[in-house]
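Taking it in order: structure first as structure tokens, then the write-up.
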Amino acid sequence: MSTLHIDRLLDTVVKQKASDLHLTVGRPPTVRIRGHLIELKTKVLEPDDTMALMKAISPERAQNELQEEGGSDFGFAYGDQARFRVSIFRVKGNVSLVLRQIPNELLSLEKIGLPKKVKELIQRPRGLFLVTGPTGSGKTTSLASMVNWLNETCDRHIITIEDPIEYYHQHKKSVVNQREVGNDVPSFAEALRRALRQDPDVIMVGEMRDLETIESAIRAAETGHLVFATLHTTGAAGTINRIVDAFPTNQQAQIRVQLSTGLIAVLSQALMSRVDVKGMVAAYEFLMVTPAVQNYIRENKIYHIDSAIQTGRQYGMQLLDEHLWQLYSEGKISADDAVDRATRASELREKIMRAGGKVGRDELEQKNVKPSLLNS
């Protein structure tokens, strides 16, 4: 299989507006479109095919890392049509690849539906703004849109630390320096340490993946910088607990104090297929850290945070389940998707059923059929 073939595959991904391309032995090339996996009508891939495809796009650094560590991540530009974030990894001794398409166009904050209050918060001189959610929930796109808005409207020195770099930012009103972990700097924590000496106003951390990075990000926010970061957590309360729990027990009280003063907002999101038009829509949970929320964090009363979000509607705060209900009521998402992503699934299911809606699993339960038996 030649380079030409990878070009044809990437053309298909771009034309079909697929989010991902999966290349794995024993299956034809497979694309993800609107959340669903669809096989392309080509040959089933063999070990030589995936190896050739990997070599056609992977830099030497990534190929060496695949040999030594069993996997690697990198990004590349496909002409001026799109960028791709690539993960290469070994499966039963063979090479597999997943390519995530990163659109060239940076969307506005309004277009991706971020809460209006976000613009005001990201102009603050200091603090920690967290964007959270599972893999593929659009965290990178939200962060890139925030950085782009700042770049177009404010004069800031913005440093991004990414693995790999996904969206490319041109210098506009701001100076934007993008550093790639593994290429420009060995680790997130090291890049954060060095960033503090580079006169930054804004630091964007692609992922807070270890204790050292979390610690460095909190310290940077405390010392007068605005820090954006992502975590693979769901919900505002879960995010705060996850950060505190990452620290040894004897440091947790101190971290709660630091978080209560440093954290300014948590935006937790989930991405779903729309049922009304083609495309995707994001559901958001949004917590703004008010004095009341600061107290809850400091006093370890995280269980009060959900009710603080409910009473903070005037600040634009909302719970994920409230937004899911709104999107379902507006006919944008299916009942099943709403319940699948809900924090309190049983409550949302009941609400939908009371409103006359049907949730797939409920219909099965009413017939006393176990879902697992249908799959066997």
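How things are named: the first chain in the structure tokens is A, the next is B, and so on; residues count from 1 in each chain; ligands count from 1 in the order shown.
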Residues within 12 Å of A:Trp325, please, as number ranges by chain. Count only C-alpha atoms; anything in the same chain fewer than 4 positions from it doesn't count.
A: 283-284, 318-321, 329-339, 341-345, 347-353, 355, 357
Need to verify the contact set: stretch 199-216 of chain A, 8 Å, only C-alpha atoms, exclusion of same-chain residues closer than 5 positions in sequence. Can you return it as a list in words?
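Near stretch 199-216 of chain A, the qualifying residues are Pro125, Thr140, Arg156, His157, Ile158, Ile159, Thr160, Ile161, Glu162, Asp163, Phe188, Ala189, Leu192, Arg193, His225, Leu226, Val227, Phe228, Ala229, Thr230, Leu231, Ile243, Ala246 and Phe247 of chain A.
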What is the atom CA of A:Leu143-atom CA of A:Leu263 distance in Å, reported with one decimal?
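Atom CA of A:Leu263 lies at a distance of 16.3 Å from atom CA of A:Leu143.
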Find the residues of stretch 163-228 of chain A that sit at most 12 Å from stretch 95-116 of chain A; for each, write down the nearest two atoms and how far apart they are in Å, to one decimal. Count only C-alpha atoms. Sort by chain, then by number going up, and give it as JSON lines.
{"residue": "A:Pro164", "atom": "CA", "partner": "A:Arg100", "partner_atom": "CA", "distance": 11.6}
{"residue": "A:Ile165", "atom": "CA", "partner": "A:Ile102", "partner_atom": "CA", "distance": 10.3}
{"residue": "A:Glu166", "atom": "CA", "partner": "A:Ile102", "partner_atom": "CA", "distance": 6.6}
{"residue": "A:Tyr167", "atom": "CA", "partner": "A:Ile102", "partner_atom": "CA", "distance": 6.9}
{"residue": "A:Tyr168", "atom": "CA", "partner": "A:Asn104", "partner_atom": "CA", "distance": 8.1}
{"residue": "A:His169", "atom": "CA", "partner": "A:Leu106", "partner_atom": "CA", "distance": 9.1}
{"residue": "A:Gln170", "atom": "CA", "partner": "A:Leu106", "partner_atom": "CA", "distance": 11.3}
Could the residues in this selection be written to a file with all heavy atoms, as a PDB file, in the first residue's frame?
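So result06.pdb came out as:
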ATOM      1  N   PRO A 164       0.010  16.089  20.954  1.00  0.00           N
ATOM      2  CA  PRO A 164       0.821  17.004  20.145  1.00  0.00           C
ATOM      3  C   PRO A 164       0.087  18.337  19.959  1.00  0.00           C
ATOM      4  O   PRO A 164      -1.042  18.500  20.425  1.00  0.00           O
ATOM      5  CB  PRO A 164       0.890  16.254  18.805  1.00  0.00           C
ATOM      6  CG  PRO A 164      -0.444  15.569  18.720  1.00  0.00           C
ATOM      7  CD  PRO A 164      -0.802  15.184  20.134  1.00  0.00           C
ATOM      8  N   ILE A 165       0.722  19.297  19.242  1.00  0.00           N
ATOM      9  CA  ILE A 165       0.028  20.544  18.888  1.00  0.00           C
ATOM     10  C   ILE A 165      -1.110  20.177  17.943  1.00  0.00           C
ATOM     11  O   ILE A 165      -0.923  19.414  16.994  1.00  0.00           O
ATOM     12  CB  ILE A 165       0.998  21.537  18.206  1.00  0.00           C
ATOM     13  CG1 ILE A 165       2.027  22.037  19.233  1.00  0.00           C
ATOM     14  CG2 ILE A 165       0.245  22.713  17.578  1.00  0.00           C
ATOM     15  CD1 ILE A 165       3.159  22.862  18.631  1.00  0.00           C
ATOM     16  N   GLU A 166      -2.294  20.706  18.234  1.00  0.00           N
ATOM     17  CA  GLU A 166      -3.450  20.366  17.390  1.00  0.00           C
ATOM     18  C   GLU A 166      -3.830  21.551  16.506  1.00  0.00           C
ATOM     19  O   GLU A 166      -3.514  21.595  15.334  1.00  0.00           O
ATOM     20  CB  GLU A 166      -4.591  19.890  18.285  1.00  0.00           C
ATOM     21  CG  GLU A 166      -4.155  18.641  19.076  1.00  0.00           C
ATOM     22  CD  GLU A 166      -5.284  17.872  19.697  1.00  0.00           C
ATOM     23  OE1 GLU A 166      -6.425  18.023  19.260  1.00  0.00           O
ATOM     24  OE2 GLU A 166      -5.017  17.107  20.645  1.00  0.00           O
ATOM     25  N   TYR A 167      -4.509  22.540  17.065  1.00  0.00           N
ATOM     26  CA  TYR A 167      -4.828  23.739  16.280  1.00  0.00           C
ATOM     27  C   TYR A 167      -3.599  24.644  16.223  1.00  0.00           C
ATOM     28  O   TYR A 167      -2.967  24.891  17.255  1.00  0.00           O
ATOM     29  CB  TYR A 167      -5.975  24.515  16.933  1.00  0.00           C
ATOM     30  CG  TYR A 167      -7.325  23.849  16.816  1.00  0.00           C
ATOM     31  CD1 TYR A 167      -7.776  22.974  17.801  1.00  0.00           C
ATOM     32  CD2 TYR A 167      -8.163  24.106  15.742  1.00  0.00           C
ATOM     33  CE1 TYR A 167      -9.019  22.365  17.708  1.00  0.00           C
ATOM     34  CE2 TYR A 167      -9.418  23.512  15.637  1.00  0.00           C
ATOM     35  CZ  TYR A 167      -9.834  22.646  16.624  1.00  0.00           C
ATOM     36  OH  TYR A 167     -11.063  22.042  16.526  1.00  0.00           O
ATOM     37  N   TYR A 168      -3.267  25.150  15.049  1.00  0.00           N
ATOM     38  CA  TYR A 168      -2.170  26.110  14.916  1.00  0.00           C
ATOM     39  C   TYR A 168      -2.733  27.528  15.064  1.00  0.00           C
ATOM     40  O   TYR A 168      -3.734  27.861  14.442  1.00  0.00           O
ATOM     41  CB  TYR A 168      -1.500  25.977  13.533  1.00  0.00           C
ATOM     42  CG  TYR A 168      -0.356  24.996  13.508  1.00  0.00           C
ATOM     43  CD1 TYR A 168      -0.296  23.956  14.422  1.00  0.00           C
ATOM     44  CD2 TYR A 168       0.672  25.104  12.577  1.00  0.00           C
ATOM     45  CE1 TYR A 168       0.745  23.050  14.404  1.00  0.00           C
ATOM     46  CE2 TYR A 168       1.722  24.191  12.548  1.00  0.00           C
ATOM     47  CZ  TYR A 168       1.750  23.164  13.471  1.00  0.00           C
ATOM     48  OH  TYR A 168       2.789  22.263  13.449  1.00  0.00           O
ATOM     49  N   HIS A 169      -2.077  28.346  15.898  1.00  0.00           N
ATOM     50  CA  HIS A 169      -2.503  29.739  16.087  1.00  0.00           C
ATOM     51  C   HIS A 169      -1.467  30.674  15.456  1.00  0.00           C
ATOM     52  O   HIS A 169      -0.269  30.545  15.722  1.00  0.00           O
ATOM     53  CB  HIS A 169      -2.630  30.066  17.581  1.00  0.00           C
ATOM     54  CG  HIS A 169      -3.702  29.284  18.275  1.00  0.00           C
ATOM     55  ND1 HIS A 169      -5.019  29.668  18.273  1.00  0.00           N
ATOM     56  CD2 HIS A 169      -3.642  28.135  18.990  1.00  0.00           C
ATOM     57  CE1 HIS A 169      -5.732  28.776  18.955  1.00  0.00           C
ATOM     58  NE2 HIS A 169      -4.923  27.838  19.400  1.00  0.00           N
ATOM     59  N   GLN A 170      -1.929  31.607  14.639  1.00  0.00           N
ATOM     60  CA  GLN A 170      -1.059  32.657  14.103  1.00  0.00           C
ATOM     61  C   GLN A 170      -0.951  33.760  15.164  1.00  0.00           C
ATOM     62  O   GLN A 170      -1.866  33.926  15.967  1.00  0.00           O
ATOM     63  CB  GLN A 170      -1.660  33.260  12.816  1.00  0.00           C
ATOM     64  CG  GLN A 170      -2.024  32.246  11.735  1.00  0.00           C
ATOM     65  CD  GLN A 170      -0.833  31.445  11.256  1.00  0.00           C
ATOM     66  OE1 GLN A 170       0.273  31.950  11.159  1.00  0.00           O
ATOM     67  NE2 GLN A 170      -1.062  30.163  10.968  1.00  0.00           N
TER      68      GLN A 170
END
With a distance cut-off of 8 Å and only C-alpha atoms, select the neighbouring residues of A:Arg32, excluding the residue or stretch itself and same-chain residues fewer than 2 positions from it, and output the selection as a PyMOL selection string.
chain A and resi 18-21+30+34-38
Create the file for the chosen residues now, containing C-alpha atoms and written as a PDB file, in the first residue's frame.
ATOM      1  CA  ALA A  18     -15.322  12.186   9.719  1.00  0.00           C
ATOM      2  CA  SER A  19     -13.881  12.862  13.163  1.00  0.00           C
ATOM      3  CA  ASP A  20     -11.561   9.828  13.217  1.00  0.00           C
ATOM      4  CA  LEU A  21      -9.931   7.209  11.002  1.00  0.00           C
ATOM      5  CA  THR A  30     -13.002   2.559   9.423  1.00  0.00           C
ATOM      6  CA  ARG A  34     -21.350  11.670  13.868  1.00  0.00           C
ATOM      7  CA  GLY A  35     -20.315   9.235  16.600  1.00  0.00           C
ATOM      8  CA  HIS A  36     -20.802   6.043  14.522  1.00  0.00           C
ATOM      9  CA  LEU A  37     -18.106   3.743  13.098  1.00  0.00           C
ATOM     10  CA  ILE A  38     -18.459   3.011   9.364  1.00  0.00           C
TER      11      ILE A  38
END
Step one, run DSSP on the backbone; step two, keep only residues of stretch 48-230 of chain A assigned to helix (DSSP H, G or I); then write them as number ranges by chain.
A: 48-57, 60-69, 117-121, 139-153, 188-195, 211-222
Can you list, as a ChimeraX atom specification, every residue of stretch 17-265 of chain A that DSSP puts in strand (DSSP E or B)?
/A:20-23,30-33,36-39,71-78,82-91,94-103,127-132,157-162,175-181,185,202-205,226-231,263-265
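Using only C-alpha atoms, the shortest contact distance between A:Glu285 and any of A:Ala270, A:Ala191, A:Leu23, A:Ile297 is found at A:Ala270.
Coordinates place atom CA of A:Arg274 at a distance of 26.3 Å from atom CA of A:Gly238.
The shell of residues at most 7 Å from stretch 149-153 of chain A, with only C-alpha atoms counted and near chain neighbours (fewer than 2 positions) removed, consists of A:Ser145, A:Met146, A:Val147, A:Lys172, A:Lys173, A:Ser174.
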